[in-house]
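> For reference, this is my_file.txt, and it has compact mmCIF, C-alpha atoms and all ligand atoms.
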# COMPACT_ATOMS: atom_id res chain seq x y z
CA MET J 1248 98.17 20.21 62.09
CA SER J 1249 97.25 19.01 65.50
CA ASN J 1250 99.49 17.90 68.33
CA ASN J 1251 98.89 15.17 70.82
CA THR J 1252 99.82 15.27 74.48
CA ASN J 1253 99.19 11.53 74.94
CA ASN J 1254 102.89 10.97 75.26
CA SER J 1255 103.28 13.42 78.12
CA THR J 1256 105.53 12.09 80.84
CA THR J 1257 106.62 13.32 84.20
CA ALA J 1258 110.28 13.01 83.26
CA PRO J 1259 112.09 16.28 82.61
CA PRO J 1260 113.37 16.81 79.06
CA PRO J 1261 117.08 16.34 78.35
CA PRO J 1262 119.06 19.54 78.58
CA GLY J 1263 119.76 21.25 75.34
CA PRO J 1264 119.48 24.51 73.49
CA ASP J 1265 115.94 23.89 72.30
CA VAL J 1266 114.45 22.65 75.52
CA GLU J 1267 112.48 25.80 75.98
CA ARG J 1268 111.07 25.62 72.51
CA ARG J 1269 110.02 22.01 72.82
CA THR J 1270 108.50 21.97 76.24
CA ALA J 1271 105.53 23.44 77.95
CA VAL J 1272 104.65 23.52 81.57
CA VAL J 1273 101.64 21.47 82.46
CA ALA J 1274 100.23 21.50 85.93
CA THR J 1275 97.81 19.36 87.80
CA ALA J 1276 95.82 20.72 90.68
CA ILE J 1277 93.98 18.48 93.08
CA VAL J 1278 90.89 19.40 95.02
CA GLY J 1279 90.43 17.49 98.21
CA GLY J 1280 87.60 17.59 100.70
CA ALA J 1281 86.52 20.60 102.70
CA GLY J 1282 89.38 22.23 104.52
CA VAL J 1283 92.04 20.78 102.25
CA ALA J 1284 94.04 23.28 100.26
CA ALA J 1285 94.45 22.84 96.54
CA LEU J 1286 97.72 21.33 95.44
CA ALA J 1287 99.61 22.43 92.40
CA VAL J 1288 102.07 19.89 91.08
CA PRO J 1289 103.93 21.29 88.12
CA TYR J 1290 105.79 19.03 85.79
CA VAL J 1291 107.32 19.36 82.38
CA ALA J 1292 105.87 17.49 79.47
CA SER J 1293 107.22 16.79 76.04
CA TRP J 1294 105.70 19.13 73.50
CA GLY J 1295 105.65 18.73 69.75
CA PRO J 1296 104.87 21.98 68.00
CA THR J 1297 107.36 24.64 67.10
CA ASP J 1298 106.94 28.16 68.36
CA GLY J 1299 105.74 29.15 64.92
CA ALA J 1300 103.03 26.52 64.87
CA LYS J 1301 101.91 27.40 68.37
CA ALA J 1302 101.84 31.10 67.62
CA ALA J 1303 99.78 30.38 64.54
CA GLY J 1304 97.22 28.68 66.73
CA ALA J 1305 97.73 25.03 65.80
CA PRO J 1306 95.11 22.91 67.58
CA VAL J 1307 96.26 20.92 70.57
CA ASP J 1308 94.89 17.45 71.27
CA VAL J 1309 94.70 16.42 74.91
CA ASP J 1310 94.15 12.91 76.26
CA ILE J 1311 91.78 13.52 79.16
CA SER J 1312 91.67 9.92 80.34
CA GLY J 1313 94.56 10.63 82.72
CA ILE J 1314 92.89 13.52 84.52
CA PRO J 1315 91.31 12.09 87.68
CA PRO J 1316 87.96 13.50 88.85
CA GLY J 1317 88.48 16.60 90.94
CA THR J 1318 91.77 17.53 89.29
CA MET J 1319 92.78 19.98 86.62
CA ARG J 1320 95.37 19.95 83.87
CA ILE J 1321 96.77 23.07 82.27
CA VAL J 1322 97.89 23.01 78.64
CA LYS J 1323 99.24 25.78 76.50
CA TRP J 1324 97.38 26.95 73.42
CA ARG J 1325 98.28 30.09 71.48
CA GLY J 1326 100.55 30.97 74.38
CA LYS J 1327 97.67 30.92 76.84
CA PRO J 1328 97.00 28.54 79.72
CA VAL J 1329 93.92 26.45 79.04
CA TRP J 1330 92.40 24.75 82.06
CA ILE J 1331 90.81 21.34 81.73
CA LEU J 1332 88.99 20.61 84.97
CA HIS J 1333 87.51 17.15 85.50
CA ARG J 1334 84.49 17.98 87.64
CA THR J 1335 83.03 15.53 90.09
CA PRO J 1336 79.27 15.05 90.53
CA GLU J 1337 79.54 17.15 93.70
CA MET J 1338 81.25 19.99 91.82
CA ILE J 1339 78.48 19.88 89.22
CA ARG J 1340 75.81 19.87 91.91
CA VAL J 1341 77.24 22.98 93.55
CA LEU J 1342 77.15 24.85 90.23
CA HIS J 1343 73.39 24.40 90.14
CA GLN J 1344 72.90 26.00 93.54
CA ASP J 1345 71.85 29.61 94.10
CA THR J 1346 73.53 31.89 91.56
CA ALA J 1347 72.77 35.20 93.32
CA ALA J 1348 76.44 35.64 94.16
CA LEU J 1349 77.51 35.59 90.51
CA ALA J 1350 77.94 38.68 88.34
CA ASP J 1351 76.88 37.06 85.08
CA PRO J 1352 75.44 33.60 85.81
CA ASP J 1353 74.09 33.09 82.28
CA SER J 1354 77.17 34.47 80.50
CA LYS J 1355 75.25 37.23 78.76
CA ARG J 1356 78.07 39.77 78.71
CA GLN J 1357 79.82 39.90 75.36
CA ASN J 1358 83.34 41.10 76.11
CA TYR J 1359 84.40 37.43 76.02
CA PRO J 1360 81.48 35.78 74.21
CA THR J 1361 80.73 32.31 75.50
CA PRO J 1362 80.31 29.91 72.55
CA PRO J 1363 76.71 28.68 72.14
CA TYR J 1364 77.82 25.05 72.09
CA VAL J 1365 78.76 25.23 75.78
CA MET J 1366 75.53 26.99 76.78
CA LYS J 1367 73.14 24.04 76.80
CA ASP J 1368 73.38 24.39 80.56
CA PRO J 1369 74.55 27.93 81.49
CA ALA J 1370 75.54 26.72 84.94
CA LEU J 1371 78.18 24.42 83.44
CA ARG J 1372 79.51 26.30 80.39
CA SER J 1373 80.85 23.12 78.85
CA ILE J 1374 80.18 20.55 76.18
CA ARG J 1375 80.27 17.72 78.69
CA PRO J 1376 79.18 18.31 82.30
CA ASP J 1377 82.23 16.56 83.70
CA PHE J 1378 84.89 18.59 81.82
CA LEU J 1379 85.29 22.36 82.02
CA VAL J 1380 87.57 23.94 79.41
CA VAL J 1381 88.39 27.64 79.90
CA ILE J 1382 91.26 30.02 79.36
CA GLY J 1383 92.92 30.53 82.72
CA ILE J 1384 93.46 34.27 82.40
CA CYS J 1385 91.63 36.70 84.66
CA THR J 1386 89.32 39.00 82.72
CA HIS J 1387 90.33 41.97 84.88
CA LEU J 1388 93.97 42.62 83.98
CA GLY J 1389 95.26 39.28 82.81
CA CYS J 1390 96.76 37.47 85.80
CA SER J 1391 96.27 33.72 86.04
CA PRO J 1392 93.99 32.75 88.95
CA ASN J 1393 94.94 30.03 91.40
CA GLY J 1394 92.89 26.98 92.28
CA PRO J 1395 90.62 25.21 92.17
CA PHE J 1396 90.04 25.57 95.90
CA PRO J 1397 87.45 23.61 97.81
CA ALA J 1398 84.72 25.47 99.66
CA GLY J 1399 85.84 26.96 102.95
CA VAL J 1400 89.53 27.28 102.12
CA LYS J 1401 89.69 30.85 100.81
CA ALA J 1402 87.78 33.57 102.61
CA ALA J 1403 87.45 35.49 99.35
CA LEU J 1404 85.40 32.65 97.92
CA GLY J 1405 83.02 32.52 100.84
CA PRO J 1406 81.14 29.22 100.93
CA TRP J 1407 81.93 28.35 97.33
CA PRO J 1408 84.65 26.27 95.69
CA GLY J 1409 86.45 27.98 92.84
CA PHE J 1410 89.40 30.06 91.71
CA LEU J 1411 91.04 33.14 93.19
CA CYS J 1412 93.05 35.69 91.23
CA PRO J 1413 96.15 36.62 93.24
CA CYS J 1414 96.47 40.09 91.73
CA HIS J 1415 93.33 41.92 92.83
CA GLY J 1416 91.12 39.25 94.34
CA SER J 1417 88.60 38.37 91.66
CA THR J 1418 87.00 34.98 92.23
CA PHE J 1419 85.46 32.51 89.81
CA ASP J 1420 83.32 29.42 90.26
CA LEU J 1421 84.01 25.97 88.84
CA ALA J 1422 82.40 27.01 85.55
CA GLY J 1423 84.65 30.07 85.26
CA ARG J 1424 81.85 32.48 86.21
CA VAL J 1425 82.99 35.57 88.07
CA PHE J 1426 81.51 36.47 91.44
CA LYS J 1427 79.86 39.84 92.07
CA ASN J 1428 81.60 42.90 93.46
CA LYS J 1429 85.04 41.91 92.23
CA PRO J 1430 87.43 43.80 89.96
CA ALA J 1431 86.75 41.45 87.05
CA ALA J 1432 83.34 41.85 85.41
CA ASP J 1433 83.48 39.03 82.91
CA ASN J 1434 83.47 35.28 83.12
CA LEU J 1435 86.56 33.39 82.02
CA ALA J 1436 86.78 32.92 78.27
CA VAL J 1437 86.02 29.58 76.70
CA PRO J 1438 88.37 28.62 73.85
CA PRO J 1439 87.12 26.82 70.78
CA TYR J 1440 87.27 23.09 71.49
CA ARG J 1441 85.59 19.82 70.64
CA PHE J 1442 85.74 16.16 71.50
CA LEU J 1443 87.45 13.95 68.95
CA ASP J 1444 86.36 10.89 70.91
CA GLU J 1445 85.43 10.05 74.47
CA HIS J 1446 88.96 10.58 75.73
CA THR J 1447 90.37 13.30 73.50
CA ILE J 1448 89.73 17.03 73.44
CA ARG J 1449 90.98 19.17 70.58
CA ILE J 1450 91.60 22.73 71.71
CA GLY J 1451 91.51 25.26 68.91
CA GLU J 1452 88.59 23.88 66.90
CA ALA J 1453 84.87 24.31 67.53
CA PRO J 1454 82.51 21.37 67.13
CA VAL J 1455 81.82 20.59 63.48
CA HIS J 1456 78.09 21.27 63.83
CA ALA J 1457 78.31 24.06 66.38
S1 LIG J 1501 94.01 40.64 87.27
FE1 LIG J 1501 92.69 39.29 88.33
S2 LIG J 1501 91.71 40.55 89.74
FE2 LIG J 1501 92.96 41.91 88.66
The structure given in the file should be rewritten as structure tokens.
Ligand code: FES

Amino acid sequence: MSNNTNNSTTAPPPPGPDVERRTAVVATAIVGGAGVAALAVPYVASWGPTDGAKAAGAPVDVDISGIPPGTMRIVKWRGKPVWILHRTPEMIRVLHQDTAALADPDSKRQNYPTPPYVMKDPALRSIRPDFLVVIGICTHLGCSPNGPFPAGVKAALGPWPGFLCPCHGSTFDLAGRVFKNKPAADNLAVPPYRFLDEHTIRIGEAPVHA
């Protein structure tokens, strides 16, 4: 059974004994122009599934129409943060630049196999160029990286936009690919997902004809 986040609101849930069970933290991060730090604006959204359903891996449907270009939403699936980044044309352009700084630009390593249905363009690692969907857990020791940061904001990222793990400094580009010479060796994992329609992503199910 799937769950739909279309009814997510910014209003906090009423207090009660089952608040924790029925809510999940969703965050939106905004990437501005060069020199502007990423913003993280957490809010609490209504959440349908029980703990049992979530633990069992029930798919989660996400309305992506409310994610402005350049921003990211985080949803919870199987207890993990799943990032949905709405990439701008500029973000996509940067991903096609020189990949010499990346450890595994074509996602060939198999510790976290990248599904073939997101490998039409290895630089993007996504079904649609404009939406990246990855599990936001660092492949080194499991911290959750921060970001996305624009180019020039974090020294650890050098000239690139991307994500920075606060634990040991691994950095990832806007396709979740890890940079060289960092503690993490693997790109961020891609969960199974597919588009139900133009505005809805189902996390937890691969495309029917993948
Ligand atoms: S857990 Fe991310 S760099 Fe170590």
> With only C-alpha atoms as the counted atoms, please give the residues lying no more than 12 Å from Pro1336 (chain J), apart from itself and same-chain residues fewer than 2 positions off, as a list of chain:residue names.
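Residues meeting the cut-off are J:Pro1316, J:Gly1317, J:His1333, J:Arg1334, J:Met1338, J:Ile1339, J:Arg1340, J:Val1341, J:Leu1342, J:His1343, J:Leu1371, J:Pro1376, J:Asp1377, J:Phe1378.
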> Please return the centre and edge lengths, in Å to one decimal, of a box with edges along x, y and z that contains all listed atoms of ligand LIG 1501 (chain J), widened by 6 Å on every side, as JSON.

{"center_x": 92.9, "center_y": 40.6, "center_z": 88.5, "size_x": 14.3, "size_y": 14.6, "size_z": 14.5}
> From the options J:Lys1429, J:His1456, J:Arg1424, J:His1415, which residue's atoms come nearest to ligand LIG 1501 (chain J), counting only C-alpha atoms and all ligand atoms?
J:His1415
> Under the rule of at most 6 Å, produce a per-residue listing of chain J near ligand LIG 1501 (chain J): chain, number, name, the closest pair of atoms, and the distance in Å, as JSON lines, using all atoms listed in the file.

{"residue": "J:Cys1385", "atom": "CA", "partner": "J:LIG1501", "partner_atom": "FE1", "distance": 4.6}
{"residue": "J:His1387", "atom": "CA", "partner": "J:LIG1501", "partner_atom": "S1", "distance": 4.6}
{"residue": "J:Leu1388", "atom": "CA", "partner": "J:LIG1501", "partner_atom": "S1", "distance": 3.8}
{"residue": "J:Gly1389", "atom": "CA", "partner": "J:LIG1501", "partner_atom": "S1", "distance": 4.8}
{"residue": "J:Cys1390", "atom": "CA", "partner": "J:LIG1501", "partner_atom": "S1", "distance": 4.4}
{"residue": "J:Cys1412", "atom": "CA", "partner": "J:LIG1501", "partner_atom": "FE1", "distance": 4.6}
{"residue": "J:Cys1414", "atom": "CA", "partner": "J:LIG1501", "partner_atom": "FE2", "distance": 5.0}
{"residue": "J:His1415", "atom": "CA", "partner": "J:LIG1501", "partner_atom": "S2", "distance": 3.7}
{"residue": "J:Gly1416", "atom": "CA", "partner": "J:LIG1501", "partner_atom": "S2", "distance": 4.8}
{"residue": "J:Ser1417", "atom": "CA", "partner": "J:LIG1501", "partner_atom": "S2", "distance": 4.3}
{"residue": "J:Pro1430", "atom": "CA", "partner": "J:LIG1501", "partner_atom": "S2", "distance": 5.4}
{"residue": "J:Ala1431", "atom": "CA", "partner": "J:LIG1501", "partner_atom": "S2", "distance": 5.7}
> Give me the residues within 8 Å of region 1433-1450 of chain J as a PyMOL selection string, counting all atoms listed in the file and dropping any in the same chain fewer than 4 places off.
chain J and resi 1306-1312+1324+1329+1350-1351+1354+1356+1358-1362+1374+1380-1387+1419+1423-1425+1454
> Please measure the separation of CA of Phe1396 (chain J) and CA of Ala1422 (chain J), giving the value in Å to one decimal.
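If I compute the distance from CA of Phe1396 (chain J) to CA of Ala1422 (chain J), I get 12.9 Å.
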> Counting all atoms listed in the file, which residue out of J:Gly1451, J:Ile1331, J:Asp1353, J:Pro1397 sits closest to Met1366 (chain J)?
J:Asp1353
> Have a look at J:Pro1408, J:Pro1315, J:Gly1326, J:Gly1399 and name the one nearest to Asp1420 (chain J); count only C-alpha atoms.
J:Pro1408
